[in-house]
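Colleague: Here you go, one structure.
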Amino acid sequence: MTALVRIRDLHKTYRRGPETVDVLRGIDLDIAQGDFVALMGPSGSGKTTLLNLIGGLDSPTAGSIEIAGQHIEKMRSGELAHWRSQNVGFVFQFYNLMPTLTAQKNVELPLLLTPLNAAQRRRNAEIALQLVGLADRARHRPNELSGGQQQRVAIARAIVSDPTLLICDEPTGDLDRASAEEVLGLLQQLNREHGKTIVMVTHDPKAAEYATHTLHLDKGVLVEQAA
Ligand SMILES: Nc1ncnc2c1ncn2[C@@H]1O[C@H](COP(=O)(O)OP(=O)(O)OP(=O)(O)O)[C@@H](O)[C@H]1O
């Protein structure tokens, strides 16, 4: 299988005054197209930092990140933003929906960056909401939806531009078990039936069971999992 994501000797160092913190210390990683990867590890081990680098939300201190043949570590911020809008969908722990907009309008938001007209944006958002099972909630605002439903709206928003890669940072961290299972089942369906490659940070071993692979990060390096 071809690697969709190829990471080589990746480093991320944060500077706080005179202090430097080596958060990622030489990551080598291939993620194949069609993988569903769970990224686990202790708090502070660098999971979100690695996820944000893969999603092009941040730039590395050193090393390379090649995604579908493009070296994103070399992109300037404008180019990176454009690349992100076409290639990556993001799902966060706290949904990050716009409270004043309906589910439908929240899902349409990323399409404002595309050449699609209003009717096409509406149609594509309807299809995405249908896919996550929320066609009947399109006119609801976030505060009229449960946590699980809000996360499914956020997933619809993440997939509405049809990105290859879905980046999920603790997508079930704020959900009860039943809603979490619904969201994880949906991610699994997007992976299996729609070919989305998914990288998901989670603390929950049960959530990781939905993935095809699990990676463990410890103090900024990937470690072999104990059998
Ligand atoms: N912008 C920043 N500036 C300085 N230090 C940072 C910054 N972002 C993260 N860090 C530090 O990098 C380390 C790793 O953070 P990161 O969020 O990647 O860890 P994590 O494994 O996702 O943790 P958690 O499971 O608690 O979310 C932490 O020590 C954190 O304080």
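To be explicit about the labels: the chains of the structure tokens are called A, B, and onward in the order shown, and within each one the residues are counted from 1, while ligands get numbers from 1 in the order they are shown.
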Give me the residues of chain A that have any atom at most 7 Å from an atom of ligand 1; for each, the nearest atom pair and the distance in Å, rounded to one decimal. Use only C-alpha atoms and all ligand atoms, sort by chain and number, and format it as CSV.

Modeller:
residue,atom,partner,partner_atom_place_in_ligand_line,distance
A:Tyr14,CA,ligand 1,4 (C),4.9
A:Arg15,CA,ligand 1,4 (C),6.3
A:Arg16,CA,ligand 1,4 (C),6.3
A:Val21,CA,ligand 1,5 (N),6.7
A:Val23,CA,ligand 1,12 (O),5.1
A:Gly41,CA,ligand 1,21 (O),6.3
A:Pro42,CA,ligand 1,25 (O),5.9
A:Ser43,CA,ligand 1,25 (O),3.5
A:Gly44,CA,ligand 1,19 (O),3.6
A:Ser45,CA,ligand 1,21 (O),3.9
A:Gly46,CA,ligand 1,18 (O),3.2
A:Lys47,CA,ligand 1,21 (O),3.8
A:Thr48,CA,ligand 1,22 (O),3.7
A:Thr49,CA,ligand 1,18 (O),3.7
A:Leu50,CA,ligand 1,18 (O),6.5

Colleague: Keeping N, CA and C atoms for every residue in the selection just given, could you write it to a file as a CSV table (one decimal), in the first residue's frame?

Modeller:
chain,number,residue,atom,x,y,z
A,14,TYR,N,9.5,23.8,21.4
A,14,TYR,CA,8.9,25.1,21.8
A,14,TYR,C,9.9,25.9,22.7
A,15,ARG,N,9.9,27.2,22.5
A,15,ARG,CA,10.8,28.0,23.3
A,15,ARG,C,9.9,28.9,24.2
A,16,ARG,N,10.3,28.8,25.5
A,16,ARG,CA,9.6,29.7,26.5
A,16,ARG,C,10.7,30.5,27.1
A,21,VAL,N,11.7,23.4,25.0
A,21,VAL,CA,11.1,22.1,25.4
A,21,VAL,C,11.0,21.3,24.1
A,23,VAL,N,9.5,18.7,22.3
A,23,VAL,CA,8.2,18.0,22.5
A,23,VAL,C,8.2,16.8,21.6
A,41,GLY,N,-1.0,7.8,24.4
A,41,GLY,CA,0.3,8.1,25.2
A,41,GLY,C,-0.1,9.0,26.3
A,42,PRO,N,0.8,9.1,27.3
A,42,PRO,CA,0.5,9.9,28.5
A,42,PRO,C,0.3,11.4,28.2
A,43,SER,N,-0.3,12.1,29.1
A,43,SER,CA,-0.5,13.5,28.9
A,43,SER,C,0.8,14.2,28.8
A,44,GLY,N,0.9,15.1,27.8
A,44,GLY,CA,2.2,15.8,27.6
A,44,GLY,C,3.2,15.1,26.7
A,45,SER,N,2.8,13.9,26.2
A,45,SER,CA,3.8,13.1,25.4
A,45,SER,C,4.0,13.7,24.0
A,46,GLY,N,3.1,14.6,23.6
A,46,GLY,CA,3.2,15.3,22.3
A,46,GLY,C,2.2,14.9,21.2
A,47,LYS,N,1.1,14.2,21.7
A,47,LYS,CA,0.1,13.7,20.7
A,47,LYS,C,-0.6,14.8,19.9
A,48,THR,N,-1.0,15.8,20.6
A,48,THR,CA,-1.7,16.9,19.9
A,48,THR,C,-0.7,17.7,19.0
A,49,THR,N,0.5,17.8,19.5
A,49,THR,CA,1.5,18.5,18.7
A,49,THR,C,1.8,17.7,17.4
A,50,LEU,N,1.9,16.4,17.5
A,50,LEU,CA,2.1,15.6,16.2
A,50,LEU,C,0.9,15.6,15.3

Colleague: Could you pull out the residues in stretch 136-202 of chain A that DSSP calls alpha helix (DSSP H) from the backbone, as a PDB file with C-alpha atoms, in the first residue's frame?

Modeller:
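result_38.pdb written:
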ATOM      1  CA  GLY A 147     -23.131  16.412  22.659  1.00  0.00           C
ATOM      2  CA  GLY A 148     -23.052  13.345  20.432  1.00  0.00           C
ATOM      3  CA  GLN A 149     -25.191  15.073  17.814  1.00  0.00           C
ATOM      4  CA  GLN A 150     -22.977  18.168  17.935  1.00  0.00           C
ATOM      5  CA  GLN A 151     -19.938  15.988  17.349  1.00  0.00           C
ATOM      6  CA  ARG A 152     -21.684  14.348  14.386  1.00  0.00           C
ATOM      7  CA  VAL A 153     -22.381  17.823  12.946  1.00  0.00           C
ATOM      8  CA  ALA A 154     -18.674  18.599  13.425  1.00  0.00           C
ATOM      9  CA  ILE A 155     -17.831  15.380  11.556  1.00  0.00           C
ATOM     10  CA  ALA A 156     -20.203  16.383   8.734  1.00  0.00           C
ATOM     11  CA  ARG A 157     -18.393  19.734   8.598  1.00  0.00           C
ATOM     12  CA  ALA A 158     -15.035  17.913   8.504  1.00  0.00           C
ATOM     13  CA  ILE A 159     -16.014  15.724   5.545  1.00  0.00           C
ATOM     14  CA  ARG A 177     -20.152   5.918  26.433  1.00  0.00           C
ATOM     15  CA  ALA A 178     -23.224   5.495  24.176  1.00  0.00           C
ATOM     16  CA  SER A 179     -22.616   8.741  22.250  1.00  0.00           C
ATOM     17  CA  ALA A 180     -18.905   7.928  22.039  1.00  0.00           C
ATOM     18  CA  GLU A 181     -19.680   4.558  20.477  1.00  0.00           C
ATOM     19  CA  GLU A 182     -21.975   6.217  17.952  1.00  0.00           C
ATOM     20  CA  VAL A 183     -19.280   8.720  16.964  1.00  0.00           C
ATOM     21  CA  LEU A 184     -16.602   5.999  16.774  1.00  0.00           C
ATOM     22  CA  GLY A 185     -18.898   3.800  14.675  1.00  0.00           C
ATOM     23  CA  LEU A 186     -19.392   6.728  12.327  1.00  0.00           C
ATOM     24  CA  LEU A 187     -15.639   7.313  12.028  1.00  0.00           C
ATOM     25  CA  GLN A 188     -15.171   3.603  11.338  1.00  0.00           C
ATOM     26  CA  GLN A 189     -17.835   3.753   8.633  1.00  0.00           C
ATOM     27  CA  LEU A 190     -16.145   6.783   7.030  1.00  0.00           C
ATOM     28  CA  ASN A 191     -12.895   4.831   7.072  1.00  0.00           C
ATOM     29  CA  ARG A 192     -14.260   1.537   5.757  1.00  0.00           C
ATOM     30  CA  GLU A 193     -16.923   2.671   3.316  1.00  0.00           C
ATOM     31  CA  HIS A 194     -15.692   6.076   2.214  1.00  0.00           C
TER      32      HIS A 194
END

Colleague: From the options A:Pro99, A:Arg141, A:Ser161, A:Leu222, which residue's atoms come nearest to A:Arg123, counting only C-alpha atoms?

Modeller: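 Residue with the minimum atom-to-atom distance to A:Arg123: A:Ser161.
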
Colleague: Quick one: residues within 12 Å of A:Asn124, only C-alpha atoms, excluding same-chain residues fewer than 6 positions away - as a list in words?

Modeller: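 Listed by chain and then number, they are Gln104, Lys105, Val107, Glu108, Leu109, Pro110, Leu111, Leu112, Thr114, Leu116, Asn117, Ala118, Gln130, Leu131, Ala135, Ala156, Arg157, Ile159, Val160, Ser161 and Asp162 of chain A.
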
Colleague: May I ask which of the residues A:Gly78, A:Gly34, A:Pro205, A:Gly26 is the closest one to A:Thr172, counting only C-alpha atoms?

Modeller: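 Nearest candidate to A:Thr172 out of A:Gly78, A:Gly34, A:Pro205, A:Gly26: A:Pro205.
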
Colleague: Find the residue from A:Leu51, A:Ile7, A:Ala103, A:Ala207 that sits nearest to A:Leu134; use only C-alpha atoms when measuring.

Modeller: A:Ala103

Colleague: Near A:Ala32, within 12 Å and counting only C-alpha atoms, which residues show up once chain neighbours fewer than 4 positions away are dropped, as a count of residues only?

Modeller: 20

Colleague: So which one's closest to A:Pro171, A:Ala38, A:Ile54, A:Leu217, A:Leu145? Using only C-alpha atoms, please.

Modeller: A:Ala38

Colleague: Could you tell me which of A:Gln33, A:Ser146, A:Gln86, A:Thr13 comes closest to A:Asp58 if we count only C-alpha atoms?

Modeller: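 Nearest candidate to A:Asp58 out of A:Gln33, A:Ser146, A:Gln86, A:Thr13: A:Thr13.
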
Colleague: Could you check the closest approach to A:Asn87 for each of A:Thr20, A:Asp35, A:Gly173, A:Gln70 and tell me which residue wins, using only C-alpha atoms?

Modeller: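 Between A:Thr20, A:Asp35, A:Gly173, A:Gln70, the residue approaching A:Asn87 most closely is A:Gln70.
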
Colleague: Would you return as a PyMOL selection string the members of chain A that DSSP assigns to strand (DSSP E) on this structure's backbone?

Modeller: chain A and resi 3-16+19-32+36-40+62-67+70-71+88-91+165-169+197-201+213-218+221-223

Colleague: Let me see the file: selected residues, C-alpha atoms, as a short mmCIF file (atom, residue, chain, number, x, y, z; two decimals), in the first residue's frame.

Modeller:
data_model
loop_
_atom_site.label_atom_id
_atom_site.label_comp_id
_atom_site.auth_asym_id
_atom_site.auth_seq_id
_atom_site.Cartn_x
_atom_site.Cartn_y
_atom_site.Cartn_z
CA ALA A 3 1.92 5.73 2.25
CA LEU A 4 -0.37 8.73 2.35
CA VAL A 5 1.64 10.26 5.19
CA ARG A 6 5.45 9.93 5.36
CA ILE A 7 7.14 11.51 8.34
CA ARG A 8 10.92 11.52 8.70
CA ASP A 9 13.01 12.59 11.70
CA LEU A 10 10.36 15.05 12.83
CA HIS A 11 11.22 17.43 15.65
CA LYS A 12 9.22 20.10 17.40
CA THR A 13 10.78 22.36 19.96
CA TYR A 14 8.93 25.09 21.81
CA ARG A 15 10.78 28.03 23.27
CA ARG A 16 9.62 29.69 26.45
CA GLU A 19 13.93 27.55 28.07
CA THR A 20 13.42 25.09 25.21
CA VAL A 21 11.08 22.11 25.36
CA ASP A 22 11.73 19.25 22.95
CA VAL A 23 8.18 18.00 22.48
CA LEU A 24 8.79 15.72 19.47
CA ARG A 25 12.23 14.15 19.30
CA GLY A 26 12.70 12.37 15.98
CA ILE A 27 9.48 10.79 14.74
CA ASP A 28 9.55 8.41 11.75
CA LEU A 29 6.12 7.28 10.65
CA ASP A 30 4.28 6.02 7.58
CA ILE A 31 0.48 6.01 7.46
CA ALA A 32 -1.03 4.12 4.54
CA PHE A 36 -7.45 4.41 10.84
CA VAL A 37 -4.71 5.21 13.34
CA ALA A 38 -5.24 5.71 17.07
CA LEU A 39 -2.52 7.81 18.68
CA MET A 40 -2.17 7.16 22.41
CA ALA A 62 13.06 20.03 11.75
CA GLY A 63 12.29 16.97 9.64
CA SER A 64 9.85 16.29 6.85
CA ILE A 65 6.12 15.62 6.49
CA GLU A 66 5.05 14.42 3.08
CA ILE A 67 1.33 13.98 2.49
CA GLN A 70 3.49 17.08 -1.02
CA HIS A 71 6.11 18.33 1.42
CA VAL A 88 -7.82 17.75 5.72
CA GLY A 89 -10.96 17.61 7.86
CA PHE A 90 -10.66 18.42 11.57
CA VAL A 91 -12.69 17.08 14.49
CA LEU A 165 -7.42 12.81 5.69
CA LEU A 166 -9.44 13.22 8.88
CA ILE A 167 -7.64 14.52 11.96
CA CYS A 168 -9.49 13.91 15.24
CA ASP A 169 -8.25 15.18 18.62
CA THR A 197 -7.67 7.95 6.27
CA ILE A 198 -8.08 8.86 9.94
CA VAL A 199 -5.61 9.84 12.65
CA MET A 200 -7.25 10.07 16.06
CA VAL A 201 -5.73 11.05 19.39
CA HIS A 213 -3.56 0.54 14.08
CA THR A 214 -2.52 2.00 17.42
CA LEU A 215 0.60 4.09 17.95
CA HIS A 216 2.08 4.96 21.32
CA LEU A 217 3.92 8.18 21.95
CA ASP A 218 6.06 8.63 25.05
CA VAL A 221 9.12 9.42 20.58
CA LEU A 222 7.06 6.56 19.19
CA VAL A 223 7.44 3.42 21.28
#

Colleague: Between atom CA of A:Asn52 and atom CA of A:Ser77, what distance in Å does the model show, to one decimal?

Modeller: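 Calculated distance between atom CA of A:Asn52 and atom CA of A:Ser77 is 13.7 Å.
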
Colleague: Any idea what the distance is between atom CA of A:Gly69 and atom CA of A:Leu57?

Modeller: 18.0 Å
